[in-house]
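J.: My structure is stored as start.cif, with mmCIF, C-alpha atoms.
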```cif
data_model
loop_
_atom_site.label_atom_id
_atom_site.label_comp_id
_atom_site.auth_asym_id
_atom_site.auth_seq_id
_atom_site.Cartn_x
_atom_site.Cartn_y
_atom_site.Cartn_z
CA MET W 1 -12.76 -32.34 -6.30
CA ASN W 2 -14.79 -31.53 -9.39
CA LEU W 3 -12.52 -29.53 -11.66
CA ARG W 4 -15.03 -28.99 -14.41
CA ARG W 5 -17.18 -26.54 -12.51
CA ASP W 6 -18.78 -23.99 -14.71
CA VAL W 7 -21.26 -21.26 -14.21
CA PHE W 8 -24.16 -23.46 -15.36
CA GLN W 9 -23.50 -25.98 -12.64
CA ALA W 10 -23.47 -23.13 -10.20
CA ILE W 11 -27.04 -22.13 -10.92
CA ALA W 12 -28.31 -25.72 -11.13
CA ASP W 13 -29.15 -25.77 -7.45
CA PRO W 14 -32.13 -23.79 -6.05
CA THR W 15 -30.25 -22.80 -2.87
CA ARG W 16 -27.39 -21.45 -4.94
CA ARG W 17 -29.81 -19.48 -7.08
CA ALA W 18 -31.32 -18.03 -3.89
CA ILE W 19 -27.83 -17.09 -2.68
CA VAL W 20 -27.15 -15.31 -5.98
CA VAL W 21 -30.38 -13.34 -5.63
CA LEU W 22 -29.48 -12.36 -2.05
CA VAL W 23 -25.98 -11.24 -2.90
CA ALA W 24 -27.20 -9.37 -5.98
CA SER W 25 -28.72 -6.68 -3.74
CA GLN W 26 -25.65 -6.18 -1.56
CA ALA W 27 -22.30 -7.74 -0.63
CA MET W 28 -22.73 -10.08 2.34
CA THR W 29 -20.65 -12.22 4.69
CA ALA W 30 -21.05 -16.00 4.77
CA GLY W 31 -22.76 -15.70 8.17
CA ALA W 32 -25.29 -13.16 6.93
CA ILE W 33 -26.05 -15.32 3.90
CA ALA W 34 -26.43 -18.47 6.01
CA SER W 35 -28.86 -16.72 8.36
CA ASN W 36 -31.32 -16.54 5.45
CA PHE W 37 -31.51 -20.31 5.12
CA ASP W 38 -32.65 -23.18 7.30
CA THR W 39 -29.85 -25.26 5.79
CA ALA W 40 -26.86 -26.12 7.99
CA ARG W 41 -24.03 -23.60 7.88
CA PRO W 42 -21.47 -26.05 6.33
CA THR W 43 -23.94 -26.71 3.50
CA VAL W 44 -24.20 -22.99 2.79
CA SER W 45 -20.39 -22.77 2.91
CA LYS W 46 -20.17 -25.54 0.35
CA HIS W 47 -22.57 -23.68 -1.94
CA LEU W 48 -20.54 -20.49 -1.52
CA GLN W 49 -17.39 -22.41 -2.38
CA ILE W 50 -18.95 -23.70 -5.62
CA LEU W 51 -20.28 -20.25 -6.54
CA THR W 52 -16.85 -18.76 -5.92
CA GLU W 53 -15.00 -21.50 -7.83
CA CYS W 54 -17.00 -20.80 -10.95
CA LYS W 55 -16.45 -17.05 -10.41
CA LEU W 56 -20.14 -16.22 -10.11
CA LEU W 57 -19.31 -14.78 -6.69
CA GLU W 58 -16.19 -12.86 -5.77
CA GLN W 59 -14.68 -12.65 -2.32
CA GLU W 60 -13.63 -9.33 -0.91
CA GLN W 61 -11.65 -8.97 2.29
CA ASN W 62 -12.89 -6.15 4.51
CA GLY W 63 -10.96 -6.10 7.79
CA ARG W 64 -11.54 -9.48 9.41
CA GLU W 65 -14.63 -10.20 7.37
CA VAL W 66 -14.90 -11.76 3.94
CA TYR W 67 -17.72 -10.34 1.85
CA TYR W 68 -19.29 -12.06 -1.12
CA ASN W 69 -20.05 -9.99 -4.22
CA LEU W 70 -21.88 -10.92 -7.39
CA ASN W 71 -19.81 -10.97 -10.57
CA PRO W 72 -22.15 -9.41 -13.14
CA LYS W 73 -19.97 -10.48 -16.05
CA LYS W 74 -20.55 -14.14 -15.24
CA MET W 75 -24.27 -13.54 -14.80
CA LYS W 76 -24.40 -12.11 -18.28
CA GLU W 77 -22.64 -15.21 -19.60
CA ILE W 78 -25.54 -17.37 -18.40
CA ALA W 79 -28.20 -15.05 -19.74
CA ASP W 80 -26.53 -14.75 -23.13
CA PHE W 81 -26.12 -18.49 -23.51
CA ILE W 82 -29.74 -19.51 -23.12
CA GLU W 83 -31.20 -16.35 -24.63
CA PRO W 84 -31.07 -17.35 -28.33
CA PHE W 85 -32.89 -20.61 -27.55
CA ARG W 86 -35.53 -18.71 -25.62
CA LYS W 87 -35.76 -16.07 -28.33
CA MET W 88 -36.33 -18.78 -30.95
CA TRP W 89 -39.32 -20.16 -29.05
CA ASP W 90 -40.59 -16.72 -28.16
CA ASP W 91 -40.59 -15.71 -31.84
CA ARG W 92 -42.47 -18.87 -32.78
CA TYR W 93 -45.03 -18.44 -30.02
CA ASN W 94 -45.55 -14.76 -30.81
CA LYS W 95 -46.29 -15.78 -34.36
CA LEU W 96 -48.64 -18.54 -33.20
CA GLU W 97 -50.49 -15.98 -31.06
CA THR W 98 -50.87 -13.53 -33.93
CA ILE W 99 -52.05 -16.21 -36.36
CA MET W 100 -54.60 -17.62 -33.96
CA LYS W 101 -55.92 -14.17 -32.99
CA ASN W 102 -56.79 -13.68 -36.64
CA TYR W 103 -58.08 -17.20 -37.04
CA LYS W 104 -61.63 -17.47 -38.30
CA PRO W 105 -63.25 -20.74 -37.28
CA LYS W 106 -64.91 -22.43 -40.22
CA LYS W 107 -68.00 -23.78 -38.52
CA MET L 1 -39.13 -5.90 -24.09
CA GLU L 2 -39.31 -8.89 -21.82
CA LEU L 3 -39.82 -12.23 -23.52
CA LYS L 4 -43.02 -14.00 -22.53
CA THR L 5 -41.48 -17.43 -23.00
CA LYS L 6 -39.65 -18.92 -20.04
CA ILE L 7 -37.11 -21.71 -20.20
CA LYS L 8 -36.13 -23.78 -17.21
CA ALA L 9 -33.04 -25.88 -17.85
CA GLU L 10 -31.51 -27.05 -14.61
CA ASP L 11 -27.95 -28.11 -14.84
CA GLY L 12 -27.22 -31.79 -14.50
CA LYS L 13 -30.67 -32.77 -15.77
CA GLN L 14 -31.34 -34.13 -19.25
CA GLU L 15 -34.57 -32.22 -19.58
CA LEU L 16 -35.99 -28.74 -19.85
CA THR L 17 -39.30 -26.97 -19.52
CA ILE L 18 -40.63 -24.22 -21.77
CA THR L 19 -43.61 -22.23 -20.48
CA ARG L 20 -45.63 -19.56 -22.17
CA GLU L 21 -48.91 -17.80 -21.55
CA PHE L 22 -51.03 -16.85 -24.55
CA ASP L 23 -53.77 -14.28 -25.06
CA LEU L 24 -55.81 -17.04 -26.63
CA PRO L 25 -58.54 -19.42 -25.52
CA VAL L 26 -57.04 -22.84 -24.82
CA GLU L 27 -59.06 -24.26 -27.74
CA LEU L 28 -57.23 -22.00 -30.23
CA LEU L 29 -53.87 -22.72 -28.63
CA PHE L 30 -54.49 -26.43 -29.04
CA LYS L 31 -55.76 -25.99 -32.59
CA ALA L 32 -52.45 -24.31 -33.48
CA HIS L 33 -50.78 -27.60 -32.53
CA ALA L 34 -53.35 -29.90 -34.10
CA GLU L 35 -53.78 -28.59 -37.63
CA PRO L 36 -50.84 -29.02 -39.99
CA GLU L 37 -51.57 -25.85 -42.01
CA LEU L 38 -51.46 -23.79 -38.83
CA ILE L 39 -48.28 -25.45 -37.54
CA GLU L 40 -46.63 -24.69 -40.88
CA GLN L 41 -47.58 -21.05 -40.54
CA TRP L 42 -46.12 -20.43 -37.11
CA MET L 43 -43.06 -22.63 -37.59
CA THR L 44 -42.08 -20.72 -40.72
CA ASN L 45 -39.54 -17.94 -40.18
CA PRO L 46 -37.70 -15.51 -42.48
CA TYR L 47 -34.97 -18.09 -43.07
CA ALA L 48 -36.97 -21.28 -43.49
CA THR L 49 -40.39 -22.39 -44.70
CA ALA L 50 -41.95 -25.20 -42.68
CA LYS L 51 -43.99 -27.98 -44.25
CA MET L 52 -45.79 -30.93 -42.66
CA LEU L 53 -45.32 -33.90 -44.99
CA LYS L 54 -47.40 -36.13 -42.76
CA PHE L 55 -49.65 -35.32 -39.83
CA GLU L 56 -51.92 -37.75 -38.00
CA GLY L 57 -53.08 -35.96 -34.87
CA ARG L 58 -54.19 -38.94 -32.80
CA LYS L 59 -52.84 -41.56 -30.42
CA HIS L 60 -50.41 -43.82 -32.32
CA GLY L 61 -50.36 -41.26 -35.14
CA GLY L 62 -47.23 -39.57 -36.38
CA TYR L 63 -45.78 -36.62 -38.20
CA ILE L 64 -42.98 -35.71 -40.59
CA GLN L 65 -41.98 -32.10 -41.03
CA GLU L 66 -39.34 -30.33 -43.06
CA SER L 67 -38.09 -26.82 -43.51
CA THR L 68 -36.57 -25.44 -46.68
CA ASP L 69 -34.60 -22.26 -47.28
CA ALA L 70 -35.26 -19.68 -50.00
CA SER L 71 -33.46 -21.80 -52.61
CA GLY L 72 -35.55 -24.87 -51.74
CA LYS L 73 -32.77 -26.68 -49.95
CA ILE L 74 -33.92 -28.79 -46.99
CA VAL L 75 -32.41 -27.27 -43.88
CA PHE L 76 -34.29 -29.33 -41.35
CA LYS L 77 -36.28 -32.54 -41.31
CA ALA L 78 -37.86 -34.19 -38.32
CA ASN L 79 -40.40 -36.83 -37.43
CA GLY L 80 -42.15 -38.31 -34.44
CA THR L 81 -45.01 -40.34 -33.04
CA PHE L 82 -47.95 -39.22 -30.93
CA HIS L 83 -48.43 -41.19 -27.75
CA GLU L 84 -51.29 -39.08 -26.48
CA PHE L 85 -53.46 -36.56 -28.25
CA ILE L 86 -56.18 -35.21 -25.96
CA PRO L 87 -57.84 -32.06 -27.39
CA ASN L 88 -57.32 -28.90 -25.32
CA ARG L 89 -55.38 -30.79 -22.66
CA LYS L 90 -52.40 -32.83 -23.63
CA ILE L 91 -50.06 -34.03 -26.36
CA ILE L 92 -47.30 -36.53 -25.74
CA ARG L 93 -45.01 -37.05 -28.71
CA THR L 94 -41.53 -38.00 -29.72
CA PHE L 95 -39.29 -35.78 -31.83
CA GLU L 96 -36.35 -36.89 -33.89
CA MET L 97 -34.26 -34.70 -36.13
CA GLU L 98 -33.02 -36.51 -39.21
CA ASN L 99 -29.30 -36.56 -40.00
CA ALA L 100 -28.43 -35.13 -36.61
CA PRO L 101 -26.71 -37.13 -33.91
CA ILE L 102 -29.06 -36.04 -31.16
CA GLY L 103 -31.30 -39.07 -30.79
CA VAL L 104 -34.98 -39.00 -29.95
CA GLN L 105 -36.57 -36.67 -27.46
CA LEU L 106 -39.82 -37.12 -25.58
CA GLU L 107 -42.12 -34.10 -25.31
CA PHE L 108 -45.04 -33.58 -22.93
CA LEU L 109 -47.22 -30.64 -23.95
CA GLN L 110 -49.74 -29.53 -21.37
CA PHE L 111 -52.48 -27.07 -22.37
CA GLU L 112 -54.22 -25.16 -19.60
CA LYS L 113 -57.06 -22.70 -19.54
CA ILE L 114 -56.34 -19.62 -17.43
CA THR L 115 -59.43 -17.60 -18.34
CA ASP L 116 -61.78 -17.75 -21.34
CA GLN L 117 -59.28 -15.64 -23.28
CA LYS L 118 -55.99 -16.76 -21.75
CA SER L 119 -54.17 -20.06 -21.74
CA LYS L 120 -50.85 -21.59 -20.86
CA LEU L 121 -48.62 -24.10 -22.59
CA THR L 122 -46.04 -26.07 -20.65
CA THR L 123 -43.67 -28.20 -22.70
CA HIS L 124 -41.53 -30.63 -20.81
CA VAL L 125 -38.80 -32.15 -22.96
CA VAL L 126 -36.70 -35.16 -21.96
CA TYR L 127 -33.52 -35.84 -23.93
CA GLU L 128 -31.55 -39.02 -24.37
CA SER L 129 -28.66 -37.61 -22.38
CA LEU L 130 -27.48 -34.50 -20.61
CA ALA L 131 -24.87 -33.90 -23.32
CA VAL L 132 -27.58 -33.91 -26.00
CA ARG L 133 -29.71 -31.41 -24.12
CA ASP L 134 -26.82 -29.02 -23.64
CA GLN L 135 -25.87 -29.36 -27.28
CA LEU L 136 -29.42 -28.53 -28.37
CA LEU L 137 -29.62 -25.55 -26.05
CA LYS L 138 -26.46 -24.19 -27.61
CA MET L 139 -27.67 -24.72 -31.19
CA PRO L 140 -29.60 -21.46 -31.69
CA PHE L 141 -26.73 -19.73 -29.91
CA ALA L 142 -24.26 -21.22 -32.39
CA GLN L 143 -26.62 -20.52 -35.31
CA GLY L 144 -26.96 -16.92 -34.18
CA LEU L 145 -23.20 -16.60 -34.13
CA SER L 146 -22.85 -18.17 -37.55
CA MET L 147 -25.63 -15.99 -38.99
CA ALA L 148 -23.94 -12.89 -37.62
CA HIS L 149 -20.72 -14.18 -39.15
CA ASP L 150 -22.41 -14.76 -42.53
CA ARG L 151 -23.91 -11.27 -42.48
CA MET L 152 -20.54 -9.83 -41.63
CA GLN L 153 -18.93 -11.69 -44.53
CA GLU L 154 -21.67 -10.49 -46.84
CA ILE L 155 -21.09 -6.89 -45.82
CA MET L 156 -17.34 -7.24 -46.02
CA SER L 157 -17.45 -8.80 -49.50
CA LYS L 158 -19.48 -5.81 -50.72
CA LEU L 159 -16.75 -3.50 -49.50
CA LYS L 160 -14.15 -5.15 -51.71
#
```
Any chance you could put this one into structure tokens?
T.:
Amino acid sequence: MNLRRDVFQAIADPTRRAIVVLVASQAMTAGAIASNFDTARPTVSKHLQILTECKLLEQEQNGREVYYNLNPKKMKEIADFIEPFRKMWDDRYNKLETIMKNYKPKK
Amino acid sequence: MELKTKIKAEDGKQELTITREFDLPVELLFKAHAEPELIEQWMTNPYATAKMLKFEGRKHGGYIQESTDASGKIVFKANGTFHEFIPNRKIIRTFEMENAPIGVQLEFLQFEKITDQKSKLTTHVVYESLAVRDQLLKMPFAQGLSMAHDRMQEIMSKLK
């Protein structure tokens, strides 16, 4: 299907972000993950497939069950990417705050 | 330390939202966006000095801003038009960077009072295309890389 799946597409969807948060606390099976959502099971499976394709989640076989794990390296990739943009605005706004705290209204 | 500024940039959407809470009355937060001398102050950073060449803070007004580096070279020039300018509540404006193939973006700035001494700014930016938004998001990232690279070169050249 879509071959250009990257980690940013993976977190575009709110359900997928919720899945990431769930799996971050512990490895879970598809069934356990699906039980946390009202969404139909195949929809959750589709989300898991996308998250796995972009390597944000990793599958781990444990007996007959497949567990989903979070790949922290990929998570860091997302954070690092947007961080400089956020930092740029944060710096500006911190400065704005400091300037305006010292601002003396000339009434 | 956690950054107070939050960025929401959903994938597949040609827009993003920047939110920030300030320890300032909403009137002062707005003033910082309405007076050119104040904008210049907070937009200036160690690498570039900001200057507002034109600023008409009113509906149908406009602005032109530029930033120069230590040697006086223009590193950034931008302009836009105000579509709405409601004190302490809202600014709607366009933003266009000159000599950059990123088109015009539309910005909705919403100012909210939280308490007498706290306020919130929500900036919703809509870009011409998804590709442009992603390119802009990556810009500070790329700049950061290039600055680190420049610093490295500087250090290395001193070692020679």
J.: Would you kindly report the residues of chain L within 9 Å of chain W, using only C-alpha atoms, as a PyMOL selection string?
T.: chain L and resi 3-7+9-13+18+20+22-24+28-29+31-32+38-39+41-45+136-144
J.: Write the selection just made, keeping C-alpha atoms, as a PDB file, in the coordinates of the input?
T.:
```
ATOM      1  CA  LEU L   3     -39.820 -12.230 -23.520  1.00  0.00           C
ATOM      2  CA  LYS L   4     -43.020 -14.000 -22.530  1.00  0.00           C
ATOM      3  CA  THR L   5     -41.480 -17.430 -23.000  1.00  0.00           C
ATOM      4  CA  LYS L   6     -39.650 -18.920 -20.040  1.00  0.00           C
ATOM      5  CA  ILE L   7     -37.110 -21.710 -20.200  1.00  0.00           C
ATOM      6  CA  ALA L   9     -33.040 -25.880 -17.850  1.00  0.00           C
ATOM      7  CA  GLU L  10     -31.510 -27.050 -14.610  1.00  0.00           C
ATOM      8  CA  ASP L  11     -27.950 -28.110 -14.840  1.00  0.00           C
ATOM      9  CA  GLY L  12     -27.220 -31.790 -14.500  1.00  0.00           C
ATOM     10  CA  LYS L  13     -30.670 -32.770 -15.770  1.00  0.00           C
ATOM     11  CA  ILE L  18     -40.630 -24.220 -21.770  1.00  0.00           C
ATOM     12  CA  ARG L  20     -45.630 -19.560 -22.170  1.00  0.00           C
ATOM     13  CA  PHE L  22     -51.030 -16.850 -24.550  1.00  0.00           C
ATOM     14  CA  ASP L  23     -53.770 -14.280 -25.060  1.00  0.00           C
ATOM     15  CA  LEU L  24     -55.810 -17.040 -26.630  1.00  0.00           C
ATOM     16  CA  LEU L  28     -57.230 -22.000 -30.230  1.00  0.00           C
ATOM     17  CA  LEU L  29     -53.870 -22.720 -28.630  1.00  0.00           C
ATOM     18  CA  LYS L  31     -55.760 -25.990 -32.590  1.00  0.00           C
ATOM     19  CA  ALA L  32     -52.450 -24.310 -33.480  1.00  0.00           C
ATOM     20  CA  LEU L  38     -51.460 -23.790 -38.830  1.00  0.00           C
ATOM     21  CA  ILE L  39     -48.280 -25.450 -37.540  1.00  0.00           C
ATOM     22  CA  GLN L  41     -47.580 -21.050 -40.540  1.00  0.00           C
ATOM     23  CA  TRP L  42     -46.120 -20.430 -37.110  1.00  0.00           C
ATOM     24  CA  MET L  43     -43.060 -22.630 -37.590  1.00  0.00           C
ATOM     25  CA  THR L  44     -42.080 -20.720 -40.720  1.00  0.00           C
ATOM     26  CA  ASN L  45     -39.540 -17.940 -40.180  1.00  0.00           C
ATOM     27  CA  LEU L 136     -29.420 -28.530 -28.370  1.00  0.00           C
ATOM     28  CA  LEU L 137     -29.620 -25.550 -26.050  1.00  0.00           C
ATOM     29  CA  LYS L 138     -26.460 -24.190 -27.610  1.00  0.00           C
ATOM     30  CA  MET L 139     -27.670 -24.720 -31.190  1.00  0.00           C
ATOM     31  CA  PRO L 140     -29.600 -21.460 -31.690  1.00  0.00           C
ATOM     32  CA  PHE L 141     -26.730 -19.730 -29.910  1.00  0.00           C
ATOM     33  CA  ALA L 142     -24.260 -21.220 -32.390  1.00  0.00           C
ATOM     34  CA  GLN L 143     -26.620 -20.520 -35.310  1.00  0.00           C
ATOM     35  CA  GLY L 144     -26.960 -16.920 -34.180  1.00  0.00           C
TER      36      GLY L 144
END
```
J.: On this file, the PyMOL selection byres ((chain L and resi 117) around 9) gives some set of residues; write that set as a PDB file with C-alpha atoms, in the coordinates of the input.
T.:
```pdb
ATOM      1  CA  PHE L  22     -51.030 -16.850 -24.550  1.00  0.00           C
ATOM      2  CA  ASP L  23     -53.770 -14.280 -25.060  1.00  0.00           C
ATOM      3  CA  LEU L  24     -55.810 -17.040 -26.630  1.00  0.00           C
ATOM      4  CA  PRO L  25     -58.540 -19.420 -25.520  1.00  0.00           C
ATOM      5  CA  VAL L  26     -57.040 -22.840 -24.820  1.00  0.00           C
ATOM      6  CA  LYS L 113     -57.060 -22.700 -19.540  1.00  0.00           C
ATOM      7  CA  ILE L 114     -56.340 -19.620 -17.430  1.00  0.00           C
ATOM      8  CA  THR L 115     -59.430 -17.600 -18.340  1.00  0.00           C
ATOM      9  CA  ASP L 116     -61.780 -17.750 -21.340  1.00  0.00           C
ATOM     10  CA  LYS L 118     -55.990 -16.760 -21.750  1.00  0.00           C
ATOM     11  CA  SER L 119     -54.170 -20.060 -21.740  1.00  0.00           C
TER      12      SER L 119
END
```
J.: Leaving out Glu65 of chain W and any residue of its chain fewer than 3 positions from it, which residues lie within 12 Å of it when counting all atoms listed in the file, given as a ChimeraX atom specification?
T.: /W:27-32,59-62,68
J.: Might you spell out which residues the PyMOL selection byres ((chain L and resi 64) around 9) would select in the displayed file, as a CSV table (one decimal) with C-alpha atoms, keeping the file's coordinate frame?
T.:
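Okay, out35.csv is ready:
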```
chain,number,residue,atom,x,y,z
L,51,LYS,CA,-44.0,-28.0,-44.2
L,52,MET,CA,-45.8,-30.9,-42.7
L,53,LEU,CA,-45.3,-33.9,-45.0
L,54,LYS,CA,-47.4,-36.1,-42.8
L,55,PHE,CA,-49.6,-35.3,-39.8
L,62,GLY,CA,-47.2,-39.6,-36.4
L,63,TYR,CA,-45.8,-36.6,-38.2
L,65,GLN,CA,-42.0,-32.1,-41.0
L,66,GLU,CA,-39.3,-30.3,-43.1
L,77,LYS,CA,-36.3,-32.5,-41.3
L,78,ALA,CA,-37.9,-34.2,-38.3
L,79,ASN,CA,-40.4,-36.8,-37.4
L,80,GLY,CA,-42.2,-38.3,-34.4
```
J.: Using all atoms listed in the file, which residues sit within 12 Å of segment 35-43 of chain W once same-chain residues fewer than 6 positions away are excluded, as number ranges by chain?
T.: W: 14-16, 18-19, 21-23, 28-29, 49-50
J.: Between L:Ile102, L:Ile92, L:Val125, L:Ala50, which has the minimum distance to Val75 of chain L (counting all atoms listed in the file)?
T.: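 Checking each of L:Ile102, L:Ile92, L:Val125, L:Ala50 against Val75 of chain L, counting all atoms listed in the file, the winner is L:Ala50.
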J.: Kindly write C-alpha atoms of segment 64-145 of chain L from the structure just given to a file, as a tab-separated table (two decimals), in the first residue's frame.
T.:
```tsv
chain	number	residue	atom	x	y	z
L	64	ILE	CA	7.62	44.61	7.21
L	65	GLN	CA	10.33	43.18	9.42
L	66	GLU	CA	13.94	42.28	8.90
L	67	SER	CA	16.72	40.72	10.90
L	68	THR	CA	20.40	41.47	10.47
L	69	ASP	CA	23.44	39.62	11.75
L	70	ALA	CA	26.39	41.17	13.60
L	71	SER	CA	27.96	42.37	10.34
L	72	GLY	CA	24.73	44.08	9.27
L	73	LYS	CA	23.86	41.53	6.63
L	74	ILE	CA	20.12	40.90	6.23
L	75	VAL	CA	19.48	37.31	7.24
L	76	PHE	CA	15.71	37.44	7.20
L	77	LYS	CA	13.04	39.70	5.78
L	78	ALA	CA	9.31	39.19	6.00
L	79	ASN	CA	6.06	41.06	5.53
L	80	GLY	CA	2.35	40.62	5.97
L	81	THR	CA	-1.08	42.18	6.27
L	82	PHE	CA	-3.38	42.37	9.27
L	83	HIS	CA	-6.87	41.09	8.65
L	84	GLU	CA	-8.03	41.52	12.22
L	85	PHE	CA	-6.50	43.43	15.09
L	86	ILE	CA	-8.70	43.29	18.18
L	87	PRO	CA	-6.82	44.44	21.33
L	88	ASN	CA	-6.35	41.75	23.99
L	89	ARG	CA	-8.28	39.20	21.94
L	90	LYS	CA	-7.25	38.47	18.43
L	91	ILE	CA	-4.84	39.13	15.57
L	92	ILE	CA	-5.27	37.59	12.14
L	93	ARG	CA	-2.37	38.25	9.81
L	94	THR	CA	-0.49	36.89	6.86
L	95	PHE	CA	3.24	36.19	6.91
L	96	GLU	CA	5.51	35.95	3.92
L	97	MET	CA	9.24	35.44	4.01
L	98	GLU	CA	11.03	37.25	1.21
L	99	ASN	CA	13.35	35.33	-1.10
L	100	ALA	CA	12.16	32.01	0.26
L	101	PRO	CA	10.04	29.60	-1.74
L	102	ILE	CA	7.56	28.97	1.04
L	103	GLY	CA	4.63	31.11	-0.02
L	104	VAL	CA	2.30	32.97	2.30
L	105	GLN	CA	1.02	31.64	5.58
L	106	LEU	CA	-2.09	32.66	7.47
L	107	GLU	CA	-1.79	33.13	11.23
L	108	PHE	CA	-4.58	33.30	13.81
L	109	LEU	CA	-3.37	34.58	17.17
L	110	GLN	CA	-5.79	34.18	20.03
L	111	PHE	CA	-5.12	35.97	23.32
L	112	GLU	CA	-6.88	34.67	26.42
L	113	LYS	CA	-6.99	35.80	30.00
L	114	ILE	CA	-6.50	32.97	32.48
L	115	THR	CA	-6.28	35.06	35.66
L	116	ASP	CA	-5.39	38.73	36.23
L	117	GLN	CA	-1.72	37.77	36.09
L	118	LYS	CA	-1.79	34.85	33.66
L	119	SER	CA	-2.67	34.60	30.00
L	120	LYS	CA	-2.49	32.23	27.08
L	121	LEU	CA	-1.53	32.66	23.46
L	122	THR	CA	-2.69	30.19	20.83
L	123	THR	CA	-1.23	30.64	17.36
L	124	HIS	CA	-2.82	28.64	14.61
L	125	VAL	CA	-0.80	28.72	11.39
L	126	VAL	CA	-2.08	27.52	8.03
L	127	TYR	CA	0.47	26.95	5.27
L	128	GLU	CA	0.04	26.87	1.52
L	129	SER	CA	0.79	23.16	1.42
L	130	LEU	CA	1.77	20.25	3.60
L	131	ALA	CA	5.23	20.18	2.03
L	132	VAL	CA	5.80	23.82	3.00
L	133	ARG	CA	4.78	23.23	6.59
L	134	ASP	CA	7.10	20.27	6.95
L	135	GLN	CA	9.92	22.22	5.37
L	136	LEU	CA	9.41	25.09	7.82
L	137	LEU	CA	9.27	22.76	10.79
L	138	LYS	CA	12.60	21.32	9.76
L	139	MET	CA	14.23	24.72	9.26
L	140	PRO	CA	15.39	25.40	12.84
L	141	PHE	CA	16.44	21.76	12.97
L	142	ALA	CA	18.57	22.24	9.86
L	143	GLN	CA	19.84	25.60	11.14
L	144	GLY	CA	20.79	24.00	14.44
L	145	LEU	CA	22.74	21.36	12.56
```
